[in-house]
file my_file_1.pdb (PDB, C-alpha atoms, pLDDT in the B column)
ATOM      1  CA  MET C   1       0.000   0.000   0.000  1.00 47.00           C
ATOM      2  CA  LYS C   2       1.391   3.391  -0.998  1.00 61.00           C
ATOM      3  CA  SER C   3       1.875   5.870   1.813  1.00 76.00           C
ATOM      4  CA  LYS C   4       0.023   9.164   1.581  1.00 88.00           C
ATOM      5  CA  PRO C   5       1.915  12.451   1.824  1.00 95.00           C
ATOM      6  CA  PHE C   6       1.912  14.275   5.144  1.00 97.00           C
ATOM      7  CA  PRO C   7       0.765  16.960   5.591  1.00 98.00           C
ATOM      8  CA  PRO C   8      -2.051  15.921   3.230  1.00 97.00           C
ATOM      9  CA  GLY C   9      -2.159  19.365   1.636  1.00 97.00           C
ATOM     10  CA  ARG C  10       0.691  21.542   0.459  1.00 98.00           C
ATOM     11  CA  PRO C  11       1.236  24.991   1.981  1.00 98.00           C
ATOM     12  CA  ASP C  12      -0.169  27.950   0.069  1.00 97.00           C
ATOM     13  CA  SER C  13       3.407  29.081  -0.639  1.00 98.00           C
ATOM     14  CA  LEU C  14       6.363  26.786  -1.354  1.00 98.00           C
ATOM     15  CA  ASP C  15       8.849  29.486  -0.386  1.00 98.00           C
ATOM     16  CA  ASP C  16       7.306  31.375   2.526  1.00 98.00           C
ATOM     17  CA  ALA C  17       8.856  29.931   5.681  1.00 98.00           C
ATOM     18  CA  GLY C  18       5.982  31.030   7.913  1.00 98.00           C
ATOM     19  CA  GLU C  19       3.364  29.362   5.722  1.00 98.00           C
ATOM     20  CA  ILE C  20       5.362  26.122   5.422  1.00 98.00           C
ATOM     21  CA  ARG C  21       5.850  25.943   9.182  1.00 98.00           C
ATOM     22  CA  ARG C  22       2.204  26.768   9.871  1.00 98.00           C
ATOM     23  CA  ASN C  23       1.049  24.023   7.504  1.00 98.00           C
ATOM     24  CA  ASP C  24       3.379  21.428   9.042  1.00 98.00           C
ATOM     25  CA  TRP C  25       2.346  22.249  12.601  1.00 98.00           C
ATOM     26  CA  ALA C  26      -1.374  22.405  11.831  1.00 98.00           C
ATOM     27  CA  ALA C  27      -1.244  18.918  10.329  1.00 98.00           C
ATOM     28  CA  PHE C  28       0.809  17.402  13.148  1.00 98.00           C
ATOM     29  CA  SER C  29      -1.225  19.013  15.926  1.00 98.00           C
ATOM     30  CA  SER C  30      -4.450  17.691  14.357  1.00 98.00           C
ATOM     31  CA  LEU C  31      -3.387  14.083  15.031  1.00 98.00           C
ATOM     32  CA  SER C  32      -4.716  12.200  18.028  1.00 98.00           C
ATOM     33  CA  ARG C  33      -1.931   9.613  18.147  1.00 98.00           C
ATOM     34  CA  MET C  34       1.343   8.495  16.635  1.00 98.00           C
ATOM     35  CA  GLU C  35       1.816   5.026  15.184  1.00 97.00           C
ATOM     36  CA  ASN C  36       4.686   2.570  15.549  1.00 97.00           C
ATOM     37  CA  HIS C  37       6.770   3.448  12.501  1.00 96.00           C
ATOM     38  CA  TRP C  38       8.482   0.064  12.442  1.00 94.00           C
ATOM     39  CA  GLU C  39       5.147  -1.747  12.178  1.00 94.00           C
ATOM     40  CA  VAL C  40       3.311   0.491   9.699  1.00 93.00           C
ATOM     41  CA  LYS C  41       6.346   0.857   7.394  1.00 90.00           C
ATOM     42  CA  PRO C  42       7.311  -2.747   6.604  1.00 86.00           C
ATOM     43  CA  TRP C  43      10.754  -3.441   5.168  1.00 90.00           C
ATOM     44  CA  PRO C  44      11.605  -6.841   3.624  1.00 89.00           C
ATOM     45  CA  PRO C  45      14.423  -8.607   5.517  1.00 89.00           C
ATOM     46  CA  GLY C  46      17.777  -8.113   3.825  1.00 91.00           C
ATOM     47  CA  ALA C  47      16.437  -5.596   1.299  1.00 94.00           C
ATOM     48  CA  SER C  48      18.341  -2.454   0.342  1.00 96.00           C
ATOM     49  CA  SER C  49      17.713   0.309  -2.160  1.00 94.00           C
ATOM     50  CA  PHE C  50      19.400   3.333  -3.667  1.00 95.00           C
ATOM     51  CA  TYR C  51      18.141   6.821  -2.823  1.00 96.00           C
ATOM     52  CA  TRP C  52      19.154  10.395  -3.529  1.00 97.00           C
ATOM     53  CA  TYR C  53      19.791  12.285  -0.278  1.00 98.00           C
ATOM     54  CA  LEU C  54      20.710  15.690   0.997  1.00 98.00           C
ATOM     55  CA  THR C  55      22.949  15.065   4.016  1.00 98.00           C
ATOM     56  CA  PHE C  56      23.588  17.356   6.980  1.00 97.00           C
ATOM     57  CA  GLY C  57      26.046  15.468   9.145  1.00 89.00           C
ATOM     58  CA  HIS C  58      28.613  18.209   8.484  1.00 90.00           C
ATOM     59  CA  ASP C  59      26.507  20.922  10.150  1.00 96.00           C
ATOM     60  CA  ASP C  60      27.440  21.176  13.832  1.00 97.00           C
ATOM     61  CA  SER C  61      24.724  23.746  14.573  1.00 98.00           C
ATOM     62  CA  LEU C  62      21.988  21.516  13.178  1.00 98.00           C
ATOM     63  CA  ALA C  63      23.401  18.486  14.994  1.00 98.00           C
ATOM     64  CA  SER C  64      23.393  20.437  18.276  1.00 98.00           C
ATOM     65  CA  THR C  65      19.781  21.564  17.815  1.00 98.00           C
ATOM     66  CA  ALA C  66      18.652  18.065  16.843  1.00 98.00           C
ATOM     67  CA  ARG C  67      20.411  16.530  19.841  1.00 98.00           C
ATOM     68  CA  ALA C  68      18.804  19.053  22.206  1.00 98.00           C
ATOM     69  CA  CYS C  69      15.376  18.152  20.832  1.00 98.00           C
ATOM     70  CA  GLN C  70      16.061  14.424  21.070  1.00 98.00           C
ATOM     71  CA  ASP C  71      17.194  14.782  24.686  1.00 98.00           C
ATOM     72  CA  ALA C  72      14.089  16.797  25.575  1.00 98.00           C
ATOM     73  CA  LEU C  73      11.882  14.071  24.060  1.00 98.00           C
ATOM     74  CA  GLY C  74      13.836  11.225  25.648  1.00 98.00           C
ATOM     75  CA  SER C  75      11.026  10.144  27.988  1.00 98.00           C
ATOM     76  CA  PHE C  76       8.801   9.138  25.053  1.00 98.00           C
ATOM     77  CA  PRO C  77       9.068   5.860  23.097  1.00 98.00           C
ATOM     78  CA  LEU C  78      10.947   7.383  20.169  1.00 98.00           C
ATOM     79  CA  ARG C  79      14.004   6.068  18.325  1.00 97.00           C
ATOM     80  CA  PRO C  80      16.353   8.996  17.655  1.00 98.00           C
ATOM     81  CA  VAL C  81      18.220   9.368  14.380  1.00 97.00           C
ATOM     82  CA  ALA C  82      21.993   9.560  14.867  1.00 96.00           C
ATOM     83  CA  VAL C  83      22.809  13.239  14.378  1.00 97.00           C
ATOM     84  CA  GLU C  84      25.768  12.450  12.135  1.00 96.00           C
ATOM     85  CA  THR C  85      23.317  10.830   9.709  1.00 97.00           C
ATOM     86  CA  LEU C  86      20.740  13.647   9.521  1.00 98.00           C
ATOM     87  CA  HIS C  87      19.433  13.848   5.984  1.00 98.00           C
ATOM     88  CA  MET C  88      16.550  14.641   3.672  1.00 98.00           C
ATOM     89  CA  THR C  89      15.283  11.942   1.333  1.00 97.00           C
ATOM     90  CA  LEU C  90      14.844  13.312  -2.167  1.00 97.00           C
ATOM     91  CA  LEU C  91      13.999  10.363  -4.387  1.00 95.00           C
ATOM     92  CA  LYS C  92      14.109   6.588  -4.476  1.00 93.00           C
ATOM     93  CA  VAL C  93      16.090   5.277  -7.429  1.00 93.00           C
ATOM     94  CA  GLY C  94      15.274   1.590  -7.009  1.00 91.00           C
ATOM     95  CA  GLY C  95      16.269  -1.670  -5.402  1.00 90.00           C
ATOM     96  CA  VAL C  96      19.940  -2.574  -5.502  1.00 91.00           C
ATOM     97  CA  ASP C  97      19.459  -5.346  -8.063  1.00 88.00           C
ATOM     98  CA  ALA C  98      17.406  -3.134 -10.379  1.00 85.00           C
ATOM     99  CA  VAL C  99      19.780  -0.184 -10.205  1.00 86.00           C
ATOM    100  CA  GLU C 100      22.922  -2.213 -10.613  1.00 80.00           C
ATOM    101  CA  GLY C 101      21.251  -4.014 -13.500  1.00 73.00           C
ATOM    102  CA  ALA C 102      20.459  -0.700 -15.160  1.00 70.00           C
ATOM    103  CA  GLY C 103      24.025   0.450 -14.614  1.00 83.00           C
ATOM    104  CA  LEU C 104      24.825   2.400 -11.485  1.00 88.00           C
ATOM    105  CA  GLU C 105      27.457   4.517 -13.206  1.00 90.00           C
ATOM    106  CA  ARG C 106      25.015   5.466 -15.948  1.00 90.00           C
ATOM    107  CA  VAL C 107      22.370   6.469 -13.392  1.00 91.00           C
ATOM    108  CA  VAL C 108      24.889   8.726 -11.646  1.00 94.00           C
ATOM    109  CA  GLU C 109      26.126  10.161 -14.946  1.00 94.00           C
ATOM    110  CA  LYS C 110      22.618  11.078 -16.084  1.00 93.00           C
ATOM    111  CA  ALA C 111      21.875  12.678 -12.725  1.00 95.00           C
ATOM    112  CA  GLY C 112      25.074  14.693 -12.943  1.00 97.00           C
ATOM    113  CA  ILE C 113      24.071  16.048 -16.341  1.00 96.00           C
ATOM    114  CA  ALA C 114      20.594  16.912 -15.019  1.00 96.00           C
ATOM    115  CA  LEU C 115      22.073  18.905 -12.122  1.00 98.00           C
ATOM    116  CA  GLN C 116      25.026  20.507 -13.887  1.00 97.00           C
ATOM    117  CA  SER C 117      23.414  23.964 -13.999  1.00 97.00           C
ATOM    118  CA  VAL C 118      21.949  23.895 -10.459  1.00 98.00           C
ATOM    119  CA  SER C 119      23.486  26.344  -8.003  1.00 98.00           C
ATOM    120  CA  ARG C 120      24.089  25.804  -4.313  1.00 98.00           C
ATOM    121  CA  PHE C 121      21.375  27.109  -2.030  1.00 98.00           C
ATOM    122  CA  GLU C 122      20.487  27.546   1.619  1.00 98.00           C
ATOM    123  CA  LEU C 123      17.739  25.942   3.675  1.00 98.00           C
ATOM    124  CA  ALA C 124      16.266  26.938   7.017  1.00 98.00           C
ATOM    125  CA  VAL C 125      15.808  23.761   9.069  1.00 98.00           C
ATOM    126  CA  GLY C 126      13.287  24.065  11.893  1.00 98.00           C
ATOM    127  CA  PRO C 127      11.197  24.452  13.927  1.00 98.00           C
ATOM    128  CA  LEU C 128      10.151  21.011  15.103  1.00 98.00           C
ATOM    129  CA  ALA C 129       6.930  19.337  13.939  1.00 98.00           C
ATOM    130  CA  GLY C 130       6.086  15.748  13.036  1.00 98.00           C
ATOM    131  CA  SER C 131       3.926  13.161  11.314  1.00 98.00           C
ATOM    132  CA  ALA C 132       2.057  10.037  12.402  1.00 97.00           C
ATOM    133  CA  GLY C 133       5.301   8.077  12.548  1.00 97.00           C
ATOM    134  CA  ALA C 134       8.140  10.536  13.139  1.00 98.00           C
ATOM    135  CA  ILE C 135       9.357  13.736  14.742  1.00 98.00           C
ATOM    136  CA  ARG C 136      10.901  16.048  12.165  1.00 98.00           C
ATOM    137  CA  PHE C 137      12.014  19.561  11.368  1.00 98.00           C
ATOM    138  CA  SER C 138      10.160  21.750   8.919  1.00 98.00           C
ATOM    139  CA  VAL C 139      12.332  22.911   6.019  1.00 98.00           C
ATOM    140  CA  SER C 140      12.068  26.059   3.916  1.00 98.00           C
ATOM    141  CA  PRO C 141      12.013  27.042   1.127  1.00 98.00           C
ATOM    142  CA  TRP C 142      10.697  24.055  -0.818  1.00 98.00           C
ATOM    143  CA  SER C 143      11.201  25.250  -4.395  1.00 98.00           C
ATOM    144  CA  PRO C 144      14.940  24.507  -4.760  1.00 98.00           C
ATOM    145  CA  VAL C 145      14.435  21.064  -3.227  1.00 98.00           C
ATOM    146  CA  LEU C 146      11.528  20.211  -5.518  1.00 98.00           C
ATOM    147  CA  ASP C 147      13.579  21.404  -8.480  1.00 97.00           C
ATOM    148  CA  LEU C 148      16.292  18.892  -7.579  1.00 97.00           C
ATOM    149  CA  VAL C 149      13.725  16.105  -7.319  1.00 96.00           C
ATOM    150  CA  GLU C 150      12.152  16.960 -10.682  1.00 95.00           C
ATOM    151  CA  ARG C 151      15.536  16.988 -12.401  1.00 96.00           C
ATOM    152  CA  LEU C 152      16.637  13.724 -10.811  1.00 95.00           C
ATOM    153  CA  GLY C 153      13.311  12.095 -11.616  1.00 94.00           C
ATOM    154  CA  ALA C 154      13.447  13.153 -15.263  1.00 92.00           C
ATOM    155  CA  ALA C 155      16.986  11.798 -15.521  1.00 91.00           C
ATOM    156  CA  GLN C 156      16.062   8.326 -14.309  1.00 89.00           C
ATOM    157  CA  GLU C 157      12.655   7.977 -15.982  1.00 84.00           C
ATOM    158  CA  SER C 158      14.374   7.115 -19.241  1.00 75.00           C
ATOM    159  CA  GLU C 159      16.440   4.387 -17.606  1.00 79.00           C
ATOM    160  CA  PRO C 160      15.044   0.907 -18.357  1.00 73.00           C
ATOM    161  CA  GLY C 161      14.475  -1.364 -15.401  1.00 72.00           C
ATOM    162  CA  LEU C 162      13.789   1.345 -12.837  1.00 78.00           C
ATOM    163  CA  GLY C 163      10.352   1.850 -11.352  1.00 67.00           C
ATOM    164  CA  PRO C 164       8.072   4.852 -11.892  1.00 73.00           C
ATOM    165  CA  VAL C 165       9.177   8.084 -10.243  1.00 84.00           C
ATOM    166  CA  LYS C 166       7.067   9.394  -7.359  1.00 82.00           C
ATOM    167  CA  SER C 167       5.310  12.636  -8.249  1.00 88.00           C
ATOM    168  CA  VAL C 168       6.987  15.730  -6.877  1.00 94.00           C
ATOM    169  CA  GLU C 169       3.484  16.892  -5.906  1.00 95.00           C
ATOM    170  CA  ASN C 170       3.563  14.295  -3.126  1.00 95.00           C
ATOM    171  CA  MET C 171       6.879  15.392  -1.637  1.00 97.00           C
ATOM    172  CA  ARG C 172       6.943  17.212   1.699  1.00 98.00           C
ATOM    173  CA  PRO C 173      10.559  18.266   2.409  1.00 98.00           C
ATOM    174  CA  HIS C 174      11.623  17.661   6.022  1.00 98.00           C
ATOM    175  CA  VAL C 175      14.498  16.424   8.174  1.00 98.00           C
ATOM    176  CA  GLY C 176      13.582  13.627  10.579  1.00 98.00           C
ATOM    177  CA  ILE C 177      15.163  13.340  14.026  1.00 98.00           C
ATOM    178  CA  ALA C 178      13.240  10.430  15.615  1.00 98.00           C
ATOM    179  CA  TYR C 179      10.805   7.633  14.749  1.00 98.00           C
ATOM    180  CA  SER C 180       7.843   6.623  16.859  1.00 98.00           C
ATOM    181  CA  ALA C 181       8.499   3.223  18.417  1.00 97.00           C
ATOM    182  CA  ALA C 182       4.971   2.673  19.745  1.00 97.00           C
ATOM    183  CA  ARG C 183       1.357   3.552  19.187  1.00 98.00           C
ATOM    184  CA  GLN C 184       1.000   6.487  21.549  1.00 98.00           C
ATOM    185  CA  PRO C 185      -1.129   9.571  22.218  1.00 98.00           C
ATOM    186  CA  VAL C 186       0.293  12.640  20.562  1.00 98.00           C
ATOM    187  CA  ALA C 187      -0.920  15.249  23.085  1.00 98.00           C
ATOM    188  CA  PRO C 188       1.986  14.893  25.584  1.00 98.00           C
ATOM    189  CA  ILE C 189       4.488  15.044  22.716  1.00 98.00           C
ATOM    190  CA  LEU C 190       2.820  18.143  21.326  1.00 98.00           C
ATOM    191  CA  ASP C 191       3.076  19.806  24.724  1.00 98.00           C
ATOM    192  CA  ARG C 192       6.815  19.112  24.867  1.00 98.00           C
ATOM    193  CA  ILE C 193       7.431  20.157  21.278  1.00 98.00           C
ATOM    194  CA  THR C 194       5.587  23.441  21.746  1.00 97.00           C
ATOM    195  CA  ASP C 195       8.483  24.629  23.924  1.00 96.00           C
ATOM    196  CA  LEU C 196      11.085  23.200  21.536  1.00 98.00           C
ATOM    197  CA  ARG C 197       9.575  25.177  18.681  1.00 98.00           C
ATOM    198  CA  GLU C 198      11.068  28.277  20.310  1.00 97.00           C
ATOM    199  CA  LEU C 199      14.537  27.100  19.199  1.00 97.00           C
ATOM    200  CA  ALA C 200      15.728  29.159  16.246  1.00 97.00           C
ATOM    201  CA  PRO C 201      15.807  27.381  12.853  1.00 98.00           C
ATOM    202  CA  VAL C 202      19.287  26.555  11.583  1.00 98.00           C
ATOM    203  CA  THR C 203      20.388  27.862   8.193  1.00 98.00           C
ATOM    204  CA  THR C 204      22.434  25.263   6.342  1.00 98.00           C
ATOM    205  CA  SER C 205      24.054  25.205   2.913  1.00 97.00           C
ATOM    206  CA  VAL C 206      23.202  22.583   0.286  1.00 98.00           C
ATOM    207  CA  LYS C 207      26.335  22.042  -1.775  1.00 98.00           C
ATOM    208  CA  ASP C 208      25.851  18.540  -3.115  1.00 98.00           C
ATOM    209  CA  VAL C 209      23.475  15.624  -3.605  1.00 98.00           C
ATOM    210  CA  LYS C 210      24.418  12.100  -2.578  1.00 98.00           C
ATOM    211  CA  LEU C 211      23.434   8.690  -3.863  1.00 97.00           C
ATOM    212  CA  VAL C 212      23.218   6.281  -0.941  1.00 97.00           C
ATOM    213  CA  ARG C 213      22.467   2.616  -0.437  1.00 97.00           C
ATOM    214  CA  LEU C 214      19.871   2.328   2.319  1.00 97.00           C
ATOM    215  CA  TRP C 215      18.886  -0.645   4.445  1.00 97.00           C
ATOM    216  CA  ARG C 216      17.031  -1.146   7.710  1.00 95.00           C
ATOM    217  CA  THR C 217      17.923  -2.992  10.876  1.00 91.00           C
ATOM    218  CA  GLU C 218      15.438  -3.940  13.578  1.00 84.00           C
ATOM    219  CA  SER C 219      15.061  -0.365  14.813  1.00 84.00           C
ATOM    220  CA  ALA C 220      17.135   1.945  12.634  1.00 92.00           C
ATOM    221  CA  TYR C 221      17.879   2.950   9.064  1.00 95.00           C
ATOM    222  CA  GLU C 222      21.479   2.721   7.945  1.00 96.00           C
ATOM    223  CA  TRP C 223      23.081   3.954   4.757  1.00 97.00           C
ATOM    224  CA  GLU C 224      26.368   4.355   2.963  1.00 97.00           C
ATOM    225  CA  GLU C 225      27.366   6.936   0.387  1.00 97.00           C
ATOM    226  CA  LYS C 226      27.917   5.616  -3.140  1.00 95.00           C
ATOM    227  CA  ALA C 227      28.294   8.814  -5.202  1.00 96.00           C
ATOM    228  CA  THR C 228      28.287  12.596  -4.806  1.00 98.00           C
ATOM    229  CA  ILE C 229      27.133  15.227  -7.300  1.00 98.00           C
ATOM    230  CA  PHE C 230      28.412  18.703  -6.481  1.00 98.00           C
ATOM    231  CA  LEU C 231      26.241  21.732  -7.239  1.00 98.00           C
ATOM    232  CA  MET C 232      27.594  24.903  -8.822  1.00 96.00           C
TER     233      MET C 232
END

call {"tool": "encode", "arguments": {"input": "my_file_1.pdb", "output": "structure tokens"}}
result
Amino acid sequence: MKSKPFPPGRPDSLDDAGEIRRNDWAAFSSLSRMENHWEVKPWPPGASSFYWYLTFGHDDSLASTARACQDALGSFPLRPVAVETLHMTLLKVGGVDAVEGAGLERVVEKAGIALQSVSRFELAVGPLAGSAGAIRFSVSPWSPVLDLVERLGAAQESEPGLGPVKSVENMRPHVGIAYSAARQPVAPILDRITDLRELAPVTTSVKDVKLVRLWRTESAYEWEEKATIFLM
């Protein structure tokens, strides 16, 4: 079953930070409970796939803010994301067998051509919000991120053997910091996050896009970098 985007609706503006943050918080605060991410998002044993990521492990300020939020939420059944692996998922390329069959080097080459005229940009990461299965930071603006996804998607659509590309209309840019490890009421978490939302968003630079191989253990996602495309 395909997962539905969250928030269900897009913000009225893809670039106005206030509107993006309002839309994220309104959707999260309308929930009555969080679900166990590890149960509602099944992952076949031993499976791994390639994804395009933006990674933020290099940003000490973002890592510090994320760690402070994780510590403040430590009394809830949440599985924190290691701060050195903070990232934003852009696009799934495909399962390892499919991608390697199509030619991993060719996939990377086509993506590089698609992004060769894209300039570096900045993102504001924060404040904290969430979804039914995770705690995550809002991100603004969306337009440069969605542009990356559209370009990457167009580059791989012509590659035989890879699955259909998810519509950019369904993407909701965010940076996750913890996954819900139980079915639990959301109200106490909302109360705690309300205070954490006073932390200033962190401005971070996006200088490259990474292809990673992703797999899942019993209670965590793990990944390794396979290729890097640098922006102008």

call {"tool": "closest_residue", "arguments": {"input": "my_file_1.pdb", "among": "C:Thr89, C:Ser143, C:Thr204, C:Asn36", "to": "C:Glu169", "atoms": "only C-alpha atoms"}}
result
C:Ser143

call {"tool": "closest_residue", "arguments": {"input": "my_file_1.pdb", "among": "C:Leu90, C:Ala129, C:Val149, C:Ala66", "to": "C:Asn23", "atoms": "only C-alpha atoms"}}
result
C:Ala129

call {"tool": "residues_around", "arguments": {"input": "my_file_1.pdb", "residues": "C:His174", "least_positions_apart": "3", "cutoff": "7 Å", "atoms": "all atoms listed in the file", "output": "PDB file with C-alpha atoms, keeping the file's coordinate frame"}}
result
ATOM      1  CA  MET C  88      16.550  14.641   3.672  1.00 98.00           C
ATOM      2  CA  ARG C 136      10.901  16.048  12.165  1.00 98.00           C
ATOM      3  CA  PHE C 137      12.014  19.561  11.368  1.00 98.00           C
ATOM      4  CA  SER C 138      10.160  21.750   8.919  1.00 98.00           C
ATOM      5  CA  VAL C 139      12.332  22.911   6.019  1.00 98.00           C
TER       6      VAL C 139
END

call {"tool": "resolve_selection", "arguments": {"input": "my_file_1.pdb", "expression": "the PyMOL selection byres ((chain C and resi 124) around 8)", "output": "list in words"}}
result
Glu122, Leu123, Val125, Gly126, Val139, Ser140, Pro141, Pro201, Val202, Thr203 and Thr204 of chain C

call {"tool": "write_last_selection", "arguments": {"input": "my_file_1.pdb", "atoms": "C-alpha atoms", "output": "PDB file, keeping the file's coordinate frame"}}
result
ATOM      1  CA  GLU C 122      20.487  27.546   1.619  1.00 98.00           C
ATOM      2  CA  LEU C 123      17.739  25.942   3.675  1.00 98.00           C
ATOM      3  CA  VAL C 125      15.808  23.761   9.069  1.00 98.00           C
ATOM      4  CA  GLY C 126      13.287  24.065  11.893  1.00 98.00           C
ATOM      5  CA  VAL C 139      12.332  22.911   6.019  1.00 98.00           C
ATOM      6  CA  SER C 140      12.068  26.059   3.916  1.00 98.00           C
ATOM      7  CA  PRO C 141      12.013  27.042   1.127  1.00 98.00           C
ATOM      8  CA  PRO C 201      15.807  27.381  12.853  1.00 98.00           C
ATOM      9  CA  VAL C 202      19.287  26.555  11.583  1.00 98.00           C
ATOM     10  CA  THR C 203      20.388  27.862   8.193  1.00 98.00           C
ATOM     11  CA  THR C 204      22.434  25.263   6.342  1.00 98.00           C
TER      12      THR C 204
END

call {"tool": "closest_residue", "arguments": {"input": "my_file_1.pdb", "among": "C:Ala227, C:Ile20, C:Ile189, C:Ala178", "to": "C:Leu78", "atoms": "all atoms listed in the file"}}
result
C:Ala178

call {"tool": "residues_around", "arguments": {"input": "my_file_1.pdb", "residues": "C:Thr85", "least_positions_apart": "4", "cutoff": "10 Å", "atoms": "all atoms listed in the file", "output": "list in words"}}
result
Thr55, Phe56, Gly57, His58, Ala63, Val81, Ile177, Tyr221, Glu222, Trp223 and Glu224 of chain C

call {"tool": "atom_distance", "arguments": {"input": "my_file_1.pdb", "atom1": "atom CA of C:Ala102", "atom2": "atom CA of C:Leu162"}}
result
7.4 Å

call {"tool": "closest_residue", "arguments": {"input": "my_file_1.pdb", "among": "C:Lys92, C:Gln156, C:Asp59, C:Glu150", "to": "C:Arg106", "atoms": "all atoms listed in the file"}}
result
C:Gln156

call {"tool": "closest_residue", "arguments": {"input": "my_file_1.pdb", "among": "C:Trp142, C:Phe230, C:Tyr51, C:Trp38", "to": "C:Ala182", "atoms": "all atoms listed in the file"}}
result
C:Trp38

call {"tool": "residues_around", "arguments": {"input": "my_file_1.pdb", "residues": "C:Val96", "least_positions_apart": "6", "cutoff": "10 Å", "atoms": "all atoms listed in the file", "output": "ChimeraX atom specification"}}
result
/C:47-51,102,104,213-214

call {"tool": "closest_residue", "arguments": {"input": "my_file_1.pdb", "among": "C:Ser64, C:Thr194, C:Ser158, C:Ser180", "to": "C:Ser131", "atoms": "all atoms listed in the file"}}
result
C:Ser180

call {"tool": "atom_distance", "arguments": {"input": "my_file_1.pdb", "atom1": "atom CA of C:Glu84", "atom2": "atom CA of C:Arg67"}}
result
10.2 Å

call {"tool": "build_atoms", "arguments": {"input": "my_file_1.pdb", "residues": "stretch 171-176 of chain C", "atoms": "all heavy atoms", "output": "compact mmCIF listing (two decimals), in the coordinates of the input"}}
result
# COMPACT_ATOMS: atom_id res chain seq x y z
N MET C 171 5.74 15.23 -2.52
CA MET C 171 6.88 15.39 -1.64
C MET C 171 6.63 16.50 -0.62
O MET C 171 6.10 17.55 -0.95
CB MET C 171 8.14 15.71 -2.43
CG MET C 171 9.37 15.75 -1.53
SD MET C 171 10.89 16.08 -2.41
CE MET C 171 12.05 15.96 -1.03
N ARG C 172 7.03 16.23 0.62
CA ARG C 172 6.94 17.21 1.70
C ARG C 172 8.33 17.30 2.33
O ARG C 172 8.66 16.51 3.24
CB ARG C 172 5.91 16.80 2.76
CG ARG C 172 4.53 16.46 2.20
CD ARG C 172 3.80 17.70 1.71
NE ARG C 172 2.43 17.42 1.32
CZ ARG C 172 2.03 17.23 0.07
NH1 ARG C 172 2.90 17.29 -0.94
NH2 ARG C 172 0.75 16.98 -0.21
N PRO C 173 9.19 18.20 1.89
CA PRO C 173 10.56 18.27 2.41
C PRO C 173 10.60 18.41 3.93
O PRO C 173 9.86 19.21 4.51
CB PRO C 173 11.12 19.52 1.72
CG PRO C 173 10.36 19.61 0.43
CD PRO C 173 8.96 19.19 0.80
N HIS C 174 11.47 17.62 4.57
CA HIS C 174 11.62 17.66 6.02
C HIS C 174 12.92 16.95 6.40
O HIS C 174 13.52 16.26 5.57
CB HIS C 174 10.44 16.98 6.73
CG HIS C 174 10.33 15.51 6.41
ND1 HIS C 174 9.61 15.04 5.32
CD2 HIS C 174 10.86 14.42 7.01
CE1 HIS C 174 9.69 13.73 5.27
NE2 HIS C 174 10.45 13.32 6.28
N VAL C 175 13.33 17.13 7.63
CA VAL C 175 14.50 16.42 8.17
C VAL C 175 14.06 15.72 9.45
O VAL C 175 13.72 16.37 10.45
CB VAL C 175 15.66 17.40 8.47
CG1 VAL C 175 16.82 16.64 9.14
CG2 VAL C 175 16.14 18.06 7.19
N GLY C 176 14.03 14.40 9.43
CA GLY C 176 13.58 13.63 10.58
C GLY C 176 14.65 13.51 11.65
O GLY C 176 15.84 13.40 11.35
